[in-house]
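Q: Pasting in a structure now, in structure tokens, and then I'll have a few things to ask.
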Protein chains: 2
Amino acid sequence: MIAHPGKSGEARDRREPAPGRRRPGRPRLQAPSVEYLERRSEILAKASEVFDARGYDAGTLEDVAAAMGMRKAGLYHYVRSKSHLLFLLFDRAWQLGFDRIADIPAIQDPGERLAALIRTHVTLVCEQKSLFTVFFGHRPRFDDAAETVFAERERRYVGVFARAVRDAGEAGLVPAVDPLQGAMAIIGMTSWVYKWYEPGGATPQQIGDDFVRLVLGRRPAGPAG
Amino acid sequence: MIAHPGKSGEARDRREPAPGRRRPGRPRLQAPSVEYLERRSEILAKASEVFDARGYDAGTLEDVAAAMGMRKAGLYHYVRSKSHLLFLLFDRAWQLGFDRIADIPAIQDPGERLAALIRTHVTLVCEQKSLFTVFFGHRPRFDDAAETVFAERERRYVGVFARAVRDAGEAGLVPAVDPLQGAMAIIGMTSWVYKWYEPGGATPQQIGDDFVRLVLGRRPAGPAG
């Protein structure tokens with residue numbers, strides 16, 4: 001989940017912030033084991049909860065270690081610093097996003113494709129509310145390499161939505177709007193659930209259904225919209 | 001702008017956090033002068049910019065005073081503490097929101113009413129991007145009285161959108177969706193511009209036009225949507 005092979009994985013290792021201290025016991029980063037990655041994934045999930053509950057600025061690595069039942073020294077085998085942890089959380093959010101929508105661009109019907117994007121994004125944000133509360137609630141300044149990679153991912157993610165909006169517009173399934181603005185409208189609508197979704201209320205499925213209905217609900221009068 | 005007469009103004013004065021220190025030179029709060037309120041309004045605008053640029057946690061009252069060309073001691077005539085300043089920024093954001101939409105609930109046509117809400121909210125957030133970056137980017141814990149007042153305002157603001165969604169749905173102008181979820185969809189879509197609007201790109205008017213088109217763009221086939 002964290003260490004995808006290929007370009008983005010390599011880029012991530014290169015751009016991780018330089019550590020401020022030596023960590024003799026740190027596992028090799030070139031080919032981390034499955035166990036190592038799983039453990040780090042658990043740490044990221046727990047860190048999301050800690051930062052969601054206490055705020056990123058108030059939460060500490062000690063809090064994360066305590067929530068994991070680990071000593072802080074043990075945590076350093078997985079994260080180098082609090083800013084490295086924030087980087088890993090952002091990386092995880094993007095990875096989850098791309099994992100979930102991976103098959104959607106191949107959907108031929110533009111209405112079904114747009115509906116799948118809406119449902120998938122809503123579900124992801126609801127299911128990972130703590131992570132996305134950290135992700136959406138912060139605009140950290142990573143180093144230049146990381147900023148470049150994240151900006152590229154954002155451009156690519158938004159592009160998937162923009163093409164779906166454009167194609168659905170051309171097919172007369174949604175009103176013809178600027179594809180980028182339409183994409184940001186839908187990403188805003190679906191991301192905003194991190195602020196109000198509560199387990200036990202409307203389910204991600206119900207929310208997604210209503211959002212799809214709102215955007216695509218009516219049969220068009222014609223291709224011109 | 002800040003000190004509306006009536007209930008909300010009184011409630012604000014009551015719920016301001018108790019000061020942690022004495023401020024002998026502090027102006028009377030019962031009936032602040034127009035000049036005092038204007039100056040405080042300028043401070044809030046400048047503070048929004050400071051916190052937008054540096055982050056709320058990194059920005060300091062010294063930064064705000066410096067940006068105002070004031071000494072910090074002078075700033076204490078207007079704000080008691082950094083948390084009081086954040087409270088005032090939240091208060092200002094809500095006041096602006098209610099000021100802008102004040103006349104909209106009276107619009108009879110539900111489509112026009114919903115369109116006006118979309119355009120107005122987009123324009124407000126774009127125009128006050130720094131303020132809303134602070135407002136949307138934080139979930140501070142104010143004291144109980146302030147939390148109660150802000151929660152009530154949120155409920156009321158969302159309610160205006162929910163009634164417009166409900167009425168537009170009943171009129172067949174938008175698909176029939178749960179009014180609250182529809183309201184949150186539209187508030188999410190329109191609030192999210194704080195993350196991507198840039199002066200010099202698409203104008204608030206153009207963004208609002210596209211959003212209205214996306215939500216209300218097509219003529220309905222019939223009242224059932």
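Identifiers in this document derive from the order of the structure tokens: chains are assigned A, B, ..., residues are numbered from 1 separately in each chain, and ligands are numbered from 1 in order of occurrence.
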So that I can check the surroundings of Thr60 in chain A, please list as a PyMOL selection string every protein, DNA and RNA residue that reaches within 10 Å of it, counting only C-alpha atoms and ignoring chain neighbours fewer than 3 positions away.

A: chain A and resi 47+50-51+54-57+63-66+81-82

Q: Could you write out the selected residues, including C-alpha atoms, as an mmCIF file, in the first residue's frame?

A:
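Writing the result to part07.cif gives the following:
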data_model
loop_
_atom_site.group_PDB
_atom_site.id
_atom_site.type_symbol
_atom_site.label_atom_id
_atom_site.label_comp_id
_atom_site.auth_asym_id
_atom_site.auth_seq_id
_atom_site.Cartn_x
_atom_site.Cartn_y
_atom_site.Cartn_z
ATOM 1 C CA ALA A 47 -1.124 8.703 13.832
ATOM 2 C CA VAL A 50 -4.025 10.993 17.157
ATOM 3 C CA PHE A 51 -3.711 14.083 14.974
ATOM 4 C CA ARG A 54 -5.560 16.424 19.171
ATOM 5 C CA GLY A 55 -4.664 18.448 16.095
ATOM 6 C CA TYR A 56 -1.460 17.995 14.163
ATOM 7 C CA ASP A 57 0.366 20.742 16.013
ATOM 8 C CA ASP A 63 1.359 10.393 21.600
ATOM 9 C CA VAL A 64 1.593 8.237 18.482
ATOM 10 C CA ALA A 65 4.042 5.835 20.142
ATOM 11 C CA ALA A 66 1.802 5.592 23.206
ATOM 12 C CA SER A 81 10.456 12.880 12.610
ATOM 13 C CA LYS A 82 7.040 14.421 12.954
#

Q: What residues in chain B have any atom no more than 9 Å from chain A when counting only C-alpha atoms, and can you write them as a ChimeraX atom specification?

A: /B:55,57,136-140,174-178,181-182,184-193,196,202,207,209-211,213-221,225

Q: What would the file look like if the residues just selected were written as a PDB file, in the first residue's frame with C-alpha atoms?

A:
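The new file selection.pdb reads:
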ATOM      1  CA  GLY B  55      -0.304  29.022   9.468  1.00  0.00           C
ATOM      2  CA  ASP B  57       0.026  27.836  14.870  1.00  0.00           C
ATOM      3  CA  PHE B 136     -12.213  26.126   7.295  1.00  0.00           C
ATOM      4  CA  GLY B 137      -8.726  24.941   8.181  1.00  0.00           C
ATOM      5  CA  HIS B 138      -9.268  24.866  11.922  1.00  0.00           C
ATOM      6  CA  ARG B 139     -11.452  23.104  14.404  1.00  0.00           C
ATOM      7  CA  PRO B 140     -10.552  25.015  17.546  1.00  0.00           C
ATOM      8  CA  VAL B 174     -32.964  19.694  -9.008  1.00  0.00           C
ATOM      9  CA  PRO B 175     -33.141  15.956  -8.406  1.00  0.00           C
ATOM     10  CA  ALA B 176     -34.924  15.007  -5.223  1.00  0.00           C
ATOM     11  CA  VAL B 177     -32.225  14.359  -2.623  1.00  0.00           C
ATOM     12  CA  ASP B 178     -32.075  14.454   1.140  1.00  0.00           C
ATOM     13  CA  GLN B 181     -27.080  16.025   2.264  1.00  0.00           C
ATOM     14  CA  GLY B 182     -27.863  18.225  -0.697  1.00  0.00           C
ATOM     15  CA  MET B 184     -23.740  19.789   2.486  1.00  0.00           C
ATOM     16  CA  ALA B 185     -22.967  18.881  -1.133  1.00  0.00           C
ATOM     17  CA  ILE B 186     -23.476  22.469  -2.196  1.00  0.00           C
ATOM     18  CA  ILE B 187     -21.736  23.985   0.803  1.00  0.00           C
ATOM     19  CA  GLY B 188     -18.816  21.647   0.163  1.00  0.00           C
ATOM     20  CA  MET B 189     -18.658  22.491  -3.528  1.00  0.00           C
ATOM     21  CA  THR B 190     -18.790  26.215  -2.876  1.00  0.00           C
ATOM     22  CA  SER B 191     -16.592  26.332   0.229  1.00  0.00           C
ATOM     23  CA  TRP B 192     -13.847  24.274  -1.402  1.00  0.00           C
ATOM     24  CA  VAL B 193     -12.929  27.243  -3.590  1.00  0.00           C
ATOM     25  CA  TRP B 196      -8.053  26.577  -5.333  1.00  0.00           C
ATOM     26  CA  ALA B 202     -11.487  32.340 -13.221  1.00  0.00           C
ATOM     27  CA  ILE B 207     -16.990  29.956 -10.937  1.00  0.00           C
ATOM     28  CA  ASP B 209     -21.944  30.554 -13.041  1.00  0.00           C
ATOM     29  CA  ASP B 210     -20.474  27.113 -13.670  1.00  0.00           C
ATOM     30  CA  PHE B 211     -21.563  25.815 -10.282  1.00  0.00           C
ATOM     31  CA  ARG B 213     -25.094  25.485 -14.248  1.00  0.00           C
ATOM     32  CA  LEU B 214     -23.883  22.188 -12.818  1.00  0.00           C
ATOM     33  CA  VAL B 215     -26.566  22.097 -10.133  1.00  0.00           C
ATOM     34  CA  LEU B 216     -29.474  23.770 -11.917  1.00  0.00           C
ATOM     35  CA  GLY B 217     -28.369  23.813 -15.518  1.00  0.00           C
ATOM     36  CA  ARG B 218     -30.892  21.637 -17.213  1.00  0.00           C
ATOM     37  CA  ARG B 219     -34.576  22.138 -17.549  1.00  0.00           C
ATOM     38  CA  PRO B 220     -36.310  19.328 -15.734  1.00  0.00           C
ATOM     39  CA  ALA B 221     -38.314  16.707 -17.562  1.00  0.00           C
ATOM     40  CA  GLY B 225     -36.951  15.163 -11.427  1.00  0.00           C
TER      41      GLY B 225
END

Q: Any idea what the distance is between CA of Leu114 in chain A and CA of Thr203 in chain A?

A: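 That distance, rounded to one decimal, is 19.6 Å.
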
Q: Please return, as JSON, numbers by chain, all residues of range 119-184 of chain B that DSSP assigns to alpha helix (DSSP H) on the basis of the backbone.

A: {"B": [119, 120, 121, 122, 123, 124, 125, 126, 127, 129, 130, 131, 132, 133, 134, 135, 136, 137, 144, 145, 146, 147, 148, 149, 150, 151, 152, 153, 154, 155, 156, 157, 158, 159, 160, 161, 162, 163, 164, 165, 166, 167, 168, 169, 170, 179, 180, 181, 182, 183, 184]}

Q: List as a count of residues only the protein and nucleic acid residues near Thr123 in chain B, meaning an atom at most 8 Å away when only C-alpha atoms are counted, but skip any in the same chain fewer than 2 places from it.

A: 9

Q: Would you list the contacts of range 93-101 of chain A as a list in words, taking every protein, DNA or RNA residue within 8 Å and counting only C-alpha atoms, but skipping same-chain residues closer than 5 positions in sequence?

A: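 Answer for this query is Met1, Ile2, Leu117, Thr120, His121, Leu124, Leu131, Phe132, Phe135, Arg153 and Tyr157 of chain A.
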
Q: With C-alpha atoms kept, could you save the residues just selected as a PDB file, in the first residue's frame?

A:
ATOM      1  CA  MET A   1       0.000   0.000   0.000  1.00  0.00           C
ATOM      2  CA  ILE A   2       2.766   2.397   0.884  1.00  0.00           C
ATOM      3  CA  LEU A 117     -15.605   8.738  -9.125  1.00  0.00           C
ATOM      4  CA  THR A 120     -15.432   6.175  -4.649  1.00  0.00           C
ATOM      5  CA  HIS A 121     -14.116   9.491  -3.412  1.00  0.00           C
ATOM      6  CA  LEU A 124     -12.667   6.766   0.712  1.00  0.00           C
ATOM      7  CA  LEU A 131      -6.433  10.577   7.623  1.00  0.00           C
ATOM      8  CA  PHE A 132      -8.260  13.021   5.378  1.00  0.00           C
ATOM      9  CA  PHE A 135      -4.676  15.720   4.738  1.00  0.00           C
ATOM     10  CA  ARG A 153      -0.325  13.816  -8.186  1.00  0.00           C
ATOM     11  CA  TYR A 157      -6.075  13.153  -9.773  1.00  0.00           C
TER      12      TYR A 157
END

Q: How far is it from CA of Glu38 in chain A to CA of Leu89 in chain A, in Å with one decimal?

A: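 CA of Glu38 in chain A sits 14.1 Å away from CA of Leu89 in chain A.
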
Q: Name the closest residue to Ala115 in chain A among the candidates A:Ala164, A:Leu61, A:Ala171, A:Ala73; distances are taken between atoms, counting only C-alpha atoms.

A: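 Nearest to Ala115 in chain A: A:Ala164.
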